[in-house]
file work_13.pdb (PDB, C-alpha atoms and all ligand atoms)
ATOM      1  CA  MET F   4      88.767  74.908 175.939  1.00  0.00           C
ATOM      2  CA  PRO F   5      92.189  74.171 174.422  1.00  0.00           C
ATOM      3  CA  VAL F   6      93.474  76.738 171.953  1.00  0.00           C
ATOM      4  CA  LYS F   7      93.838  75.619 168.342  1.00  0.00           C
ATOM      5  CA  ILE F   8      97.179  75.333 166.545  1.00  0.00           C
ATOM      6  CA  ALA F   9      97.399  75.862 162.781  1.00  0.00           C
ATOM      7  CA  PRO F  10     100.901  75.237 161.397  1.00  0.00           C
ATOM      8  CA  SER F  11     101.556  77.225 158.219  1.00  0.00           C
ATOM      9  CA  ILE F  12     102.972  75.037 155.453  1.00  0.00           C
ATOM     10  CA  LEU F  13     104.689  78.115 154.001  1.00  0.00           C
ATOM     11  CA  SER F  14     107.728  77.046 156.038  1.00  0.00           C
ATOM     12  CA  ALA F  15     107.448  73.341 155.094  1.00  0.00           C
ATOM     13  CA  ASP F  16     109.711  71.524 152.633  1.00  0.00           C
ATOM     14  CA  PHE F  17     107.587  71.751 149.455  1.00  0.00           C
ATOM     15  CA  GLY F  18     109.581  68.936 147.859  1.00  0.00           C
ATOM     16  CA  ARG F  19     108.160  66.603 150.510  1.00  0.00           C
ATOM     17  CA  LEU F  20     104.853  68.379 151.044  1.00  0.00           C
ATOM     18  CA  ALA F  21     102.609  65.338 151.636  1.00  0.00           C
ATOM     19  CA  ASP F  22     105.016  63.970 154.282  1.00  0.00           C
ATOM     20  CA  GLU F  23     105.316  67.378 155.924  1.00  0.00           C
ATOM     21  CA  VAL F  24     101.519  67.693 156.106  1.00  0.00           C
ATOM     22  CA  LYS F  25     101.226  64.194 157.598  1.00  0.00           C
ATOM     23  CA  ALA F  26     103.858  65.097 160.190  1.00  0.00           C
ATOM     24  CA  ILE F  27     101.622  67.861 161.620  1.00  0.00           C
ATOM     25  CA  GLY F  28      98.672  65.485 162.051  1.00  0.00           C
ATOM     26  CA  SER F  29      98.299  66.401 165.740  1.00  0.00           C
ATOM     27  CA  ALA F  30      97.492  70.027 164.862  1.00  0.00           C
ATOM     28  CA  ASP F  31      93.957  71.451 164.636  1.00  0.00           C
ATOM     29  CA  TYR F  32      94.123  73.004 161.161  1.00  0.00           C
ATOM     30  CA  VAL F  33      96.567  73.106 158.269  1.00  0.00           C
ATOM     31  CA  HIS F  34      97.136  76.794 157.439  1.00  0.00           C
ATOM     32  CA  VAL F  35      97.699  77.354 153.717  1.00  0.00           C
ATOM     33  CA  ASP F  36      99.068  80.685 152.469  1.00  0.00           C
ATOM     34  CA  VAL F  37      97.979  81.659 148.966  1.00  0.00           C
ATOM     35  CA  MET F  38      99.889  84.653 147.545  1.00  0.00           C
ATOM     36  CA  ASP F  39      99.483  86.194 144.108  1.00  0.00           C
ATOM     37  CA  GLY F  40     102.528  88.458 143.730  1.00  0.00           C
ATOM     38  CA  HIS F  41     100.192  91.495 143.538  1.00  0.00           C
ATOM     39  CA  PHE F  42      98.400  91.905 146.864  1.00  0.00           C
ATOM     40  CA  VAL F  43     101.593  90.745 148.582  1.00  0.00           C
ATOM     41  CA  PRO F  44     105.176  90.765 147.255  1.00  0.00           C
ATOM     42  CA  ASN F  45     105.450  86.982 147.021  1.00  0.00           C
ATOM     43  CA  LEU F  46     103.913  84.177 144.985  1.00  0.00           C
ATOM     44  CA  THR F  47     103.063  80.755 146.393  1.00  0.00           C
ATOM     45  CA  ILE F  48     100.492  78.144 145.474  1.00  0.00           C
ATOM     46  CA  GLY F  49      97.040  77.750 143.961  1.00  0.00           C
ATOM     47  CA  PRO F  50      94.148  75.268 143.895  1.00  0.00           C
ATOM     48  CA  ILE F  51      96.112  72.322 142.418  1.00  0.00           C
ATOM     49  CA  VAL F  52      98.520  72.209 145.352  1.00  0.00           C
ATOM     50  CA  ILE F  53      95.629  72.606 147.788  1.00  0.00           C
ATOM     51  CA  GLU F  54      94.011  69.513 146.248  1.00  0.00           C
ATOM     52  CA  ALA F  55      97.247  67.621 146.943  1.00  0.00           C
ATOM     53  CA  VAL F  56      97.362  68.874 150.556  1.00  0.00           C
ATOM     54  CA  LYS F  57      93.728  67.811 151.007  1.00  0.00           C
ATOM     55  CA  ARG F  58      94.583  64.282 149.891  1.00  0.00           C
ATOM     56  CA  ALA F  59      97.396  64.117 152.470  1.00  0.00           C
ATOM     57  CA  THR F  60      95.356  65.022 155.587  1.00  0.00           C
ATOM     58  CA  LYS F  61      92.007  64.753 157.331  1.00  0.00           C
ATOM     59  CA  LEU F  62      92.562  68.072 159.158  1.00  0.00           C
ATOM     60  CA  PRO F  63      90.511  71.095 158.084  1.00  0.00           C
ATOM     61  CA  LEU F  64      92.344  73.363 155.637  1.00  0.00           C
ATOM     62  CA  ASP F  65      92.502  76.983 156.802  1.00  0.00           C
ATOM     63  CA  VAL F  66      93.167  78.791 153.540  1.00  0.00           C
ATOM     64  CA  HIS F  67      94.505  82.353 153.808  1.00  0.00           C
ATOM     65  CA  LEU F  68      94.008  84.188 150.535  1.00  0.00           C
ATOM     66  CA  MET F  69      96.491  87.033 150.044  1.00  0.00           C
ATOM     67  CA  ILE F  70      95.266  87.849 146.566  1.00  0.00           C
ATOM     68  CA  GLU F  71      93.498  90.531 144.588  1.00  0.00           C
ATOM     69  CA  ASN F  72      90.037  89.835 143.162  1.00  0.00           C
ATOM     70  CA  ALA F  73      89.385  87.238 145.858  1.00  0.00           C
ATOM     71  CA  GLU F  74      85.691  87.089 144.919  1.00  0.00           C
ATOM     72  CA  GLN F  75      86.639  85.567 141.567  1.00  0.00           C
ATOM     73  CA  TRP F  76      88.623  82.790 143.258  1.00  0.00           C
ATOM     74  CA  VAL F  77      86.721  81.639 146.360  1.00  0.00           C
ATOM     75  CA  ALA F  78      84.722  79.012 144.441  1.00  0.00           C
ATOM     76  CA  ALA F  79      87.925  77.456 143.048  1.00  0.00           C
ATOM     77  CA  TYR F  80      89.471  77.250 146.522  1.00  0.00           C
ATOM     78  CA  ALA F  81      86.285  75.787 148.000  1.00  0.00           C
ATOM     79  CA  LYS F  82      86.317  73.125 145.275  1.00  0.00           C
ATOM     80  CA  ALA F  83      90.003  72.398 145.860  1.00  0.00           C
ATOM     81  CA  GLY F  84      89.303  71.472 149.507  1.00  0.00           C
ATOM     82  CA  ALA F  85      89.436  74.618 151.650  1.00  0.00           C
ATOM     83  CA  ASP F  86      87.297  74.377 154.811  1.00  0.00           C
ATOM     84  CA  ILE F  87      87.906  77.871 156.168  1.00  0.00           C
ATOM     85  CA  ILE F  88      88.464  80.621 153.594  1.00  0.00           C
ATOM     86  CA  GLY F  89      90.092  83.864 154.746  1.00  0.00           C
ATOM     87  CA  VAL F  90      89.886  87.048 152.677  1.00  0.00           C
ATOM     88  CA  HIS F  91      91.564  90.369 153.453  1.00  0.00           C
ATOM     89  CA  VAL F  92      89.386  93.387 154.186  1.00  0.00           C
ATOM     90  CA  GLU F  93      92.001  95.434 152.259  1.00  0.00           C
ATOM     91  CA  SER F  94      91.512  93.455 149.035  1.00  0.00           C
ATOM     92  CA  CYS F  95      87.714  93.058 149.042  1.00  0.00           C
ATOM     93  CA  PRO F  96      85.713  96.143 148.028  1.00  0.00           C
ATOM     94  CA  HIS F  97      82.495  94.117 148.387  1.00  0.00           C
ATOM     95  CA  LEU F  98      83.497  92.286 151.540  1.00  0.00           C
ATOM     96  CA  HIS F  99      79.967  91.490 152.712  1.00  0.00           C
ATOM     97  CA  ARG F 100      79.194  89.810 149.383  1.00  0.00           C
ATOM     98  CA  THR F 101      82.464  87.868 149.311  1.00  0.00           C
ATOM     99  CA  LEU F 102      81.865  86.507 152.827  1.00  0.00           C
ATOM    100  CA  ALA F 103      78.310  85.513 151.853  1.00  0.00           C
ATOM    101  CA  GLN F 104      79.715  83.738 148.791  1.00  0.00           C
ATOM    102  CA  ILE F 105      82.015  81.666 151.037  1.00  0.00           C
ATOM    103  CA  LYS F 106      79.092  80.741 153.296  1.00  0.00           C
ATOM    104  CA  ASP F 107      76.923  79.818 150.305  1.00  0.00           C
ATOM    105  CA  LEU F 108      79.695  77.470 149.162  1.00  0.00           C
ATOM    106  CA  GLY F 109      79.312  75.650 152.508  1.00  0.00           C
ATOM    107  CA  LYS F 110      82.654  76.892 153.866  1.00  0.00           C
ATOM    108  CA  LYS F 111      83.557  78.933 156.959  1.00  0.00           C
ATOM    109  CA  PRO F 112      84.124  82.612 156.197  1.00  0.00           C
ATOM    110  CA  CYS F 113      87.134  84.304 157.784  1.00  0.00           C
ATOM    111  CA  VAL F 114      88.009  87.983 157.443  1.00  0.00           C
ATOM    112  CA  VAL F 115      91.668  89.039 157.682  1.00  0.00           C
ATOM    113  CA  LEU F 116      93.146  92.341 158.911  1.00  0.00           C
ATOM    114  CA  ASN F 117      96.602  93.674 157.992  1.00  0.00           C
ATOM    115  CA  PRO F 118      98.686  95.111 160.860  1.00  0.00           C
ATOM    116  CA  HIS F 119      97.675  98.723 160.084  1.00  0.00           C
ATOM    117  CA  THR F 120      93.938  98.045 159.722  1.00  0.00           C
ATOM    118  CA  PRO F 121      91.836  98.787 162.827  1.00  0.00           C
ATOM    119  CA  VAL F 122      89.379  96.257 164.212  1.00  0.00           C
ATOM    120  CA  SER F 123      86.563  98.738 163.546  1.00  0.00           C
ATOM    121  CA  ALA F 124      86.938  97.963 159.811  1.00  0.00           C
ATOM    122  CA  ILE F 125      85.225  94.584 160.305  1.00  0.00           C
ATOM    123  CA  GLU F 126      82.757  95.474 163.054  1.00  0.00           C
ATOM    124  CA  VAL F 127      79.773  95.426 160.701  1.00  0.00           C
ATOM    125  CA  VAL F 128      80.544  91.978 159.227  1.00  0.00           C
ATOM    126  CA  LEU F 129      81.361  90.325 162.567  1.00  0.00           C
ATOM    127  CA  PRO F 130      78.065  88.346 162.667  1.00  0.00           C
ATOM    128  CA  ASP F 131      78.802  87.057 159.141  1.00  0.00           C
ATOM    129  CA  VAL F 132      82.118  85.314 159.896  1.00  0.00           C
ATOM    130  CA  ALA F 133      83.286  82.202 161.735  1.00  0.00           C
ATOM    131  CA  GLN F 134      86.761  83.593 162.334  1.00  0.00           C
ATOM    132  CA  VAL F 135      88.694  86.876 162.290  1.00  0.00           C
ATOM    133  CA  LEU F 136      92.400  86.636 161.452  1.00  0.00           C
ATOM    134  CA  ILE F 137      94.591  89.368 162.906  1.00  0.00           C
ATOM    135  CA  MET F 138      97.905  89.594 161.069  1.00  0.00           C
ATOM    136  CA  SER F 139     100.806  90.104 163.457  1.00  0.00           C
ATOM    137  CA  VAL F 140     103.304  90.520 160.594  1.00  0.00           C
ATOM    138  CA  ASN F 141     102.956  92.202 157.212  1.00  0.00           C
ATOM    139  CA  PRO F 142     101.790  89.354 154.970  1.00  0.00           C
ATOM    140  CA  GLY F 143     104.081  87.891 152.340  1.00  0.00           C
ATOM    141  CA  PHE F 144     106.792  85.971 154.136  1.00  0.00           C
ATOM    142  CA  GLY F 145     107.387  83.515 156.952  1.00  0.00           C
ATOM    143  CA  GLY F 146     109.946  84.023 159.689  1.00  0.00           C
ATOM    144  CA  GLN F 147     109.201  87.671 160.552  1.00  0.00           C
ATOM    145  CA  SER F 148     108.920  89.088 164.080  1.00  0.00           C
ATOM    146  CA  PHE F 149     105.605  89.506 165.905  1.00  0.00           C
ATOM    147  CA  ILE F 150     104.309  93.114 165.780  1.00  0.00           C
ATOM    148  CA  PRO F 151     103.273  94.014 169.372  1.00  0.00           C
ATOM    149  CA  SER F 152     100.419  96.363 168.336  1.00  0.00           C
ATOM    150  CA  ALA F 153      98.467  93.222 167.378  1.00  0.00           C
ATOM    151  CA  LEU F 154      97.909  92.572 171.100  1.00  0.00           C
ATOM    152  CA  ASP F 155      95.661  95.601 171.606  1.00  0.00           C
ATOM    153  CA  LYS F 156      93.690  94.670 168.488  1.00  0.00           C
ATOM    154  CA  ILE F 157      93.114  91.175 169.891  1.00  0.00           C
ATOM    155  CA  ARG F 158      91.895  92.632 173.217  1.00  0.00           C
ATOM    156  CA  THR F 159      89.537  95.057 171.443  1.00  0.00           C
ATOM    157  CA  LEU F 160      88.142  92.308 169.228  1.00  0.00           C
ATOM    158  CA  ARG F 161      87.716  89.892 172.169  1.00  0.00           C
ATOM    159  CA  LYS F 162      85.611  92.495 173.988  1.00  0.00           C
ATOM    160  CA  MET F 163      83.549  93.183 170.870  1.00  0.00           C
ATOM    161  CA  ILE F 164      82.804  89.482 170.268  1.00  0.00           C
ATOM    162  CA  ASP F 165      81.972  88.755 173.909  1.00  0.00           C
ATOM    163  CA  ALA F 166      79.813  91.880 174.321  1.00  0.00           C
ATOM    164  CA  ARG F 167      77.739  90.812 171.336  1.00  0.00           C
ATOM    165  CA  GLY F 168      77.515  87.180 172.442  1.00  0.00           C
ATOM    166  CA  LEU F 169      78.979  85.932 169.158  1.00  0.00           C
ATOM    167  CA  THR F 170      80.923  82.715 168.635  1.00  0.00           C
ATOM    168  CA  VAL F 171      83.679  83.964 166.361  1.00  0.00           C
ATOM    169  CA  ASP F 172      87.228  82.618 166.697  1.00  0.00           C
ATOM    170  CA  ILE F 173      90.135  85.056 166.839  1.00  0.00           C
ATOM    171  CA  GLU F 174      93.117  83.742 164.889  1.00  0.00           C
ATOM    172  CA  VAL F 175      96.595  85.311 164.944  1.00  0.00           C
ATOM    173  CA  ASP F 176      99.194  84.865 162.208  1.00  0.00           C
ATOM    174  CA  GLY F 177     102.855  85.856 162.194  1.00  0.00           C
ATOM    175  CA  GLY F 178     105.803  85.461 164.527  1.00  0.00           C
ATOM    176  CA  ILE F 179     104.088  83.031 166.930  1.00  0.00           C
ATOM    177  CA  LYS F 180     106.462  80.695 168.792  1.00  0.00           C
ATOM    178  CA  VAL F 181     106.440  78.626 171.972  1.00  0.00           C
ATOM    179  CA  ASP F 182     108.060  81.489 173.878  1.00  0.00           C
ATOM    180  CA  ASN F 183     105.474  84.196 173.031  1.00  0.00           C
ATOM    181  CA  ILE F 184     102.193  82.305 172.537  1.00  0.00           C
ATOM    182  CA  ALA F 185     101.161  82.768 176.191  1.00  0.00           C
ATOM    183  CA  GLU F 186     101.134  86.562 175.912  1.00  0.00           C
ATOM    184  CA  VAL F 187      99.049  86.421 172.720  1.00  0.00           C
ATOM    185  CA  ALA F 188      96.638  83.885 174.196  1.00  0.00           C
ATOM    186  CA  ALA F 189      96.196  86.006 177.325  1.00  0.00           C
ATOM    187  CA  ALA F 190      95.045  88.865 175.064  1.00  0.00           C
ATOM    188  CA  GLY F 191      92.168  86.619 173.974  1.00  0.00           C
ATOM    189  CA  ALA F 192      93.124  84.723 170.803  1.00  0.00           C
ATOM    190  CA  ASP F 193      91.765  81.230 170.074  1.00  0.00           C
ATOM    191  CA  VAL F 194      93.678  79.998 167.007  1.00  0.00           C
ATOM    192  CA  PHE F 195      97.430  80.342 166.450  1.00  0.00           C
ATOM    193  CA  VAL F 196      99.164  80.092 163.096  1.00  0.00           C
ATOM    194  CA  SER F 197     102.833  79.170 163.317  1.00  0.00           C
ATOM    195  CA  GLY F 198     105.074  78.526 160.305  1.00  0.00           C
ATOM    196  CA  SER F 199     108.764  78.753 161.156  1.00  0.00           C
ATOM    197  CA  GLY F 200     107.809  78.217 164.828  1.00  0.00           C
ATOM    198  CA  VAL F 201     106.760  74.635 163.943  1.00  0.00           C
ATOM    199  CA  PHE F 202     108.607  73.682 160.738  1.00  0.00           C
ATOM    200  CA  GLY F 203     111.853  75.205 162.029  1.00  0.00           C
ATOM    201  CA  THR F 204     111.891  72.703 164.889  1.00  0.00           C
ATOM    202  CA  LYS F 205     112.933  69.055 164.910  1.00  0.00           C
ATOM    203  CA  ASP F 206     109.907  67.388 166.434  1.00  0.00           C
ATOM    204  CA  TYR F 207     106.726  68.979 165.026  1.00  0.00           C
ATOM    205  CA  ALA F 208     104.360  66.990 167.276  1.00  0.00           C
ATOM    206  CA  GLN F 209     106.271  68.033 170.383  1.00  0.00           C
ATOM    207  CA  THR F 210     106.252  71.701 169.300  1.00  0.00           C
ATOM    208  CA  ILE F 211     102.520  71.611 168.527  1.00  0.00           C
ATOM    209  CA  ALA F 212     101.852  70.143 171.990  1.00  0.00           C
ATOM    210  CA  ALA F 213     104.073  72.792 173.641  1.00  0.00           C
ATOM    211  CA  LEU F 214     102.268  75.590 171.756  1.00  0.00           C
ATOM    212  CA  ARG F 215      98.855  74.189 172.675  1.00  0.00           C
ATOM    213  CA  ASP F 216      99.759  73.729 176.358  1.00  0.00           C
ATOM    214  CA  ALA F 217     101.283  77.203 176.762  1.00  0.00           C
ATOM    215  CA  GLY F 218      98.427  78.884 174.885  1.00  0.00           C
ATOM    216  CA  THR F 219      95.686  77.000 176.731  1.00  0.00           C
ATOM    217  CA  ALA F 220      97.205  77.706 180.155  1.00  0.00           C
ATOM    218  CA  ALA F 221      97.395  81.440 179.413  1.00  0.00           C
ATOM    219  CA  ARG F 222      93.911  81.578 177.859  1.00  0.00           C
ATOM    220  CA  GLY F 223      92.373  79.984 180.932  1.00  0.00           C
ATOM    221  CA  ALA F 224      94.075  82.441 183.257  1.00  0.00           C
TER     222      ALA F 224
HETATM  223  C1  LIG R 301     102.626  85.433 156.233  1.00  0.00           C
HETATM  224  C2  LIG R 301     101.733  84.232 156.336  1.00  0.00           C
HETATM  225  C3  LIG R 301     101.956  83.399 157.544  1.00  0.00           C
HETATM  226  C4  LIG R 301     103.348  82.839 157.681  1.00  0.00           C
HETATM  227  C5  LIG R 301     103.666  82.856 159.132  1.00  0.00           C
HETATM  228  O1  LIG R 301     102.225  86.183 155.145  1.00  0.00           O
HETATM  229  O2  LIG R 301     100.362  84.615 156.319  1.00  0.00           O
HETATM  230  O3  LIG R 301     100.983  82.368 157.645  1.00  0.00           O
HETATM  231  O4  LIG R 301     103.517  81.549 157.189  1.00  0.00           O
HETATM  232  O5  LIG R 301     104.979  82.458 159.315  1.00  0.00           O
HETATM  233  P1  LIG R 301     105.714  82.578 160.692  1.00  0.00           P
HETATM  234  O6  LIG R 301     104.932  81.783 161.699  1.00  0.00           O
HETATM  235  O7  LIG R 301     107.064  82.016 160.405  1.00  0.00           O
HETATM  236  O8  LIG R 301     105.754  84.052 161.065  1.00  0.00           O
HETATM  237 ZN    ZN R 302      98.833  83.042 156.781  1.00  0.00          ZN
END
call {"tool": "encode", "arguments": {"input": "work_13.pdb", "output": "structure tokens"}}
result
Amino acid sequence: MPVKIAPSILSADFGRLADEVKAIGSADYVHVDVMDGHFVPNLTIGPIVIEAVKRATKLPLDVHLMIENAEQWVAAYAKAGADIIGVHVESCPHLHRTLAQIKDLGKKPCVVLNPHTPVSAIEVVLPDVAQVLIMSVNPGFGGQSFIPSALDKIRTLRKMIDARGLTVDIEVDGGIKVDNIAEVAAAGADVFVSGSGVFGTKDYAQTIAALRDAGTAARGA
């Protein structure tokens, strides 16, 4: 099975957003980073921009909510066109209910872990999600370096998912590039977010293919 590549539009040229989204048409998902200036020290976009992104692509939108009070917002993001909705375990006191809300809206629930949060924090909700996102940078900004302790978390989670016979994708977000994706894939990840690693290159399609090839080769090994 080929790994999935999800370019993060955080590093795209927002003045030409529709064209930038079209230019990553060979990817598997479009990763959309929503930041509220409270949960993370940066502010990005909301449902109106997501509606515009949805109009520009047929790819599924993988929406990463880095916001407080996520439970009050999931319906708005579902309506705006999100296909996968990721909420942070650190910002959801009623995580089980929030994930159920996403499922009830007909969308794929994803739970997200900050770099310091152990995998055990989401063990109980594992059967309730389609995807777990392991942050390999502290959320808030593109262009940061991959935090190596994410690798052990990916290995632990891979074992947990396989031992329980679940079909949950492991996604990794932060500092993923062509030159390190193999190591992360070998740890057991399925979906790779890459912002500056794609939008910082000249030929997005070529970079997406290189990421997918390197990740798939290492995953199969
Ligand atoms: C960080 C975001 C990431 C970001 C990744 O808070 O969640 O999706 O865009 O950017 P790179 O790939 O440049 O580390
Ligand atoms: Zn993200």
call {"tool": "resolve_selection", "arguments": {"input": "work_13.pdb", "expression": "the PyMOL selection byres (((not hetatm)) within 6 of (chain R and resi 301))", "output": "JSON list (two decimals) with C-alpha atoms, in the frame of the given file"}}
result
[["chain", "number", "residue", "atom", "x", "y", "z"],
["F", 11, "SER", "CA", 101.56, 77.22, 158.22],
["F", 13, "LEU", "CA", 104.69, 78.11, 154.00],
["F", 36, "ASP", "CA", 99.07, 80.68, 152.47],
["F", 142, "PRO", "CA", 101.79, 89.35, 154.97],
["F", 143, "GLY", "CA", 104.08, 87.89, 152.34],
["F", 144, "PHE", "CA", 106.79, 85.97, 154.14],
["F", 145, "GLY", "CA", 107.39, 83.52, 156.95],
["F", 146, "GLY", "CA", 109.95, 84.02, 159.69],
["F", 147, "GLN", "CA", 109.20, 87.67, 160.55],
["F", 176, "ASP", "CA", 99.19, 84.86, 162.21],
["F", 177, "GLY", "CA", 102.86, 85.86, 162.19],
["F", 178, "GLY", "CA", 105.80, 85.46, 164.53],
["F", 179, "ILE", "CA", 104.09, 83.03, 166.93],
["F", 197, "SER", "CA", 102.83, 79.17, 163.32],
["F", 198, "GLY", "CA", 105.07, 78.53, 160.30],
["F", 199, "SER", "CA", 108.76, 78.75, 161.16],
["F", 200, "GLY", "CA", 107.81, 78.22, 164.83]]
call {"tool": "residues_near_ligand", "arguments": {"input": "work_13.pdb", "ligand": "ligand ZN 302 (chain R)", "cutoff": "12 Å", "atoms": "only C-alpha atoms and all ligand atoms", "output": "number ranges by chain"}}
result
F: 9-14, 32-38, 43, 47, 64-70, 88-91, 113-117, 136-147, 174-179, 194-199
call {"tool": "residues_around", "arguments": {"input": "work_13.pdb", "residues": "Leu160 in chain F", "least_positions_apart": "5", "cutoff": "12 Å", "atoms": "all atoms listed in the file", "output": "list in words"}}
result
Leu116, Pro121, Val122, Ser123, Ala124, Ile125, Glu126, Leu129, Gln134, Val135, Leu136, Ile137, Ala153, Leu154, Asp155, Asp165, Ala166, Arg167, Leu169, Val171, Asp172, Ile173, Glu174, Val175, Ala190, Gly191, Ala192 and Asp193 of chain F
call {"tool": "residues_around", "arguments": {"input": "work_13.pdb", "residues": "Thr219 in chain F", "least_positions_apart": "3", "cutoff": "6 Å", "atoms": "only C-alpha atoms", "output": "MDAnalysis selection string"}}
result
chainID F and resid 5:6 215:216 222
call {"tool": "closest_residue", "arguments": {"input": "work_13.pdb", "among": "F:Arg161, F:Lys106, F:Lys25, F:Lys205", "to": "Ala188 in chain F", "atoms": "all atoms listed in the file"}}
result
F:Arg161
call {"tool": "atom_distance", "arguments": {"input": "work_13.pdb", "atom1": "CA of Lys7 in chain F", "atom2": "CA of Thr101 in chain F"}}
result
25.3 Å
call {"tool": "closest_residue", "arguments": {"input": "work_13.pdb", "among": "F:Ala83, F:Pro130, F:Ser94, F:Lys180", "to": "Lys110 in chain F", "atoms": "all atoms listed in the file"}}
result
F:Ala83
call {"tool": "atom_distance", "arguments": {"input": "work_13.pdb", "atom1": "CA of His119 in chain F", "atom2": "CA of Glu74 in chain F"}}
result
22.6 Å
call {"tool": "axis_aligned_box", "arguments": {"input": "work_13.pdb", "around": "range 124-131 of chain F", "padding_each_side": "8 Å", "output": "AutoDock Vina command-line options"}}
result
--center_x 82.5 --center_y 92.5 --center_z 161.1 --size_x 24.9 --size_y 26.9 --size_z 19.9
call {"tool": "closest_residue", "arguments": {"input": "work_13.pdb", "among": "F:Thr210, F:Thr170, F:Glu23, F:Ala81", "to": "Thr60 in chain F", "atoms": "all atoms listed in the file"}}
result
F:Glu23
